[in-house]
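A.B. asks: Sending over a structure as structure tokens; questions will come in a sec.
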Amino acid sequence: MSNHSVSADFASSLRQDVGLSTDALRSMMEAERTTYRCRDYLRREDDYDGECEGMVTPDDRTKIVDWCYDIVDRCHFERETVAVAMSIADRFAGSQAASSHGPQDNQDVLRDRSQYQLVVMASLYTSIKLSERAAFGSHHFAEASRGAYTVENIEGMERRICEGLSWRLCPPTSLQAAHQILSLMLHRLEDDATALERGAWEFLLDEASFQTESAVREYHFATQRPSTVAMAAIINAVEQVGDSDYER
């Protein structure tokens with residue numbers, strides 16, 4: 001279960017104007033289809049003409065995502081900050097895959113695990129600055145890397161990422177999409193006089209949060225639209241609502 005369970009007050013926040021929810025979801029889906037689309041950058045081995053030694057794998061990505069979750073948990077940050085960070089990192093890595101025949105620096109991100117880890121670290125550094133009130137500076141990341149990276153390494157990579165993504169650093173996330181979808185569901189159910197108990201809505205929110213967080217760890221879902229992941233998480237959660245005490 002997520003470290004940040006959803007409160008009853010937050011369940012009440014789903015009751016926003018249906019027009020606002022519709023517009024927000026429409027904007028998210030347009031953004032994920034265009035500006036914030038992620039390429040499938042971890043290609044199969046045969047796409048690299050046998051030059052695969054040392055290349056980044058989905059397992060490598062999962063390990064660094066777990067490290068990111070450990071950092072935000074220790075700092076009591078929102079776990080969605082990791083989702084934003086990985087969107088930044090995945091899209092940047094995807095842009096480097098598209099330039100794989102360009103400068104050596106582009107290739108290093110995908111062919112050198114150390115460089116890939118630096119990309120994710122710099123992305124998390126950026127995401128924290130954008131999303132959190134408390135600071136976790138580049139010197140903190142340098143310390144957390146145990147000497148693997150310097151402040152200059154981290155800040156230099158951050159600049160490279162920001163420029164590479166044309167400063168598009170505020171992606172829609174699966175959790176954001178799930179909130180809008182659940183808000184629309186709430187309006188529809190109330191109109192049909194089939195309102196669920198408050199506890200059920202709390203469960204749906206918490207379960208959707210847990211499943212979207214888990215999806216960030218899996219490379220396959222990085223290449224899917226956040227709204228698709230959100231809808232799958234909600235369907236999974238709805239199937240579990242039959243439990244009277246709403247426990248996993």
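Just remember, in the structure tokens the first chain shown is A, the second B, etc., residues are 1-based per chain, and ligands are 1-based in the order shown.
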With DSSP run on the backbone, what are the helix (DSSP H, G or I) residues within range 21-176 of chain A? I'd like them as a PyMOL selection string.
C.D. replies: chain A and resi 21-33+45-48+58-75+80-98+104-111+113-131+138-144+151-164+174-176
A.B. asks: Of the candidates A:Arg79, A:Arg168, A:Arg217, A:Arg43, which one gets nearest to Met55 in chain A if we count only C-alpha atoms?
C.D. replies: A:Arg43
A.B. asks: Please measure the separation of CA of Ser127 in chain A and CA of Thr81 in chain A, giving the value in Å to one decimal.
C.D. replies: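 Interatomic distance here is 6.0 Å.
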A.B. asks: Give me, as JSON lines, each residue of range 59-136 of chain A that comes within 9 Å of range 173-186 of chain A, together with its shortest interatomic pair and the distance in Å at one decimal, counting only C-alpha atoms, with rows ordered by chain and rising residue number.
C.D. replies:
```
{"residue": "A:Glu80", "atom": "CA", "partner": "A:Leu175", "partner_atom": "CA", "distance": 7.5}
{"residue": "A:Ala83", "atom": "CA", "partner": "A:Thr173", "partner_atom": "CA", "distance": 6.7}
{"residue": "A:Val84", "atom": "CA", "partner": "A:Thr173", "partner_atom": "CA", "distance": 6.9}
{"residue": "A:Ser87", "atom": "CA", "partner": "A:Thr173", "partner_atom": "CA", "distance": 8.3}
```
A.B. asks: Leaving out Leu165 in chain A and any residue of its chain fewer than 4 positions from it, which residues lie within 12 Å of it when counting only C-alpha atoms, given as a ChimeraX atom specification?
C.D. replies: /A:35-38,87-96,123,158-161,169-171
A.B. asks: In Å, with one decimal, what is the gap from CA of Leu25 in chain A to CA of Gln240 in chain A?
C.D. replies: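 Rounded to one decimal, the two atoms are 24.5 Å apart.
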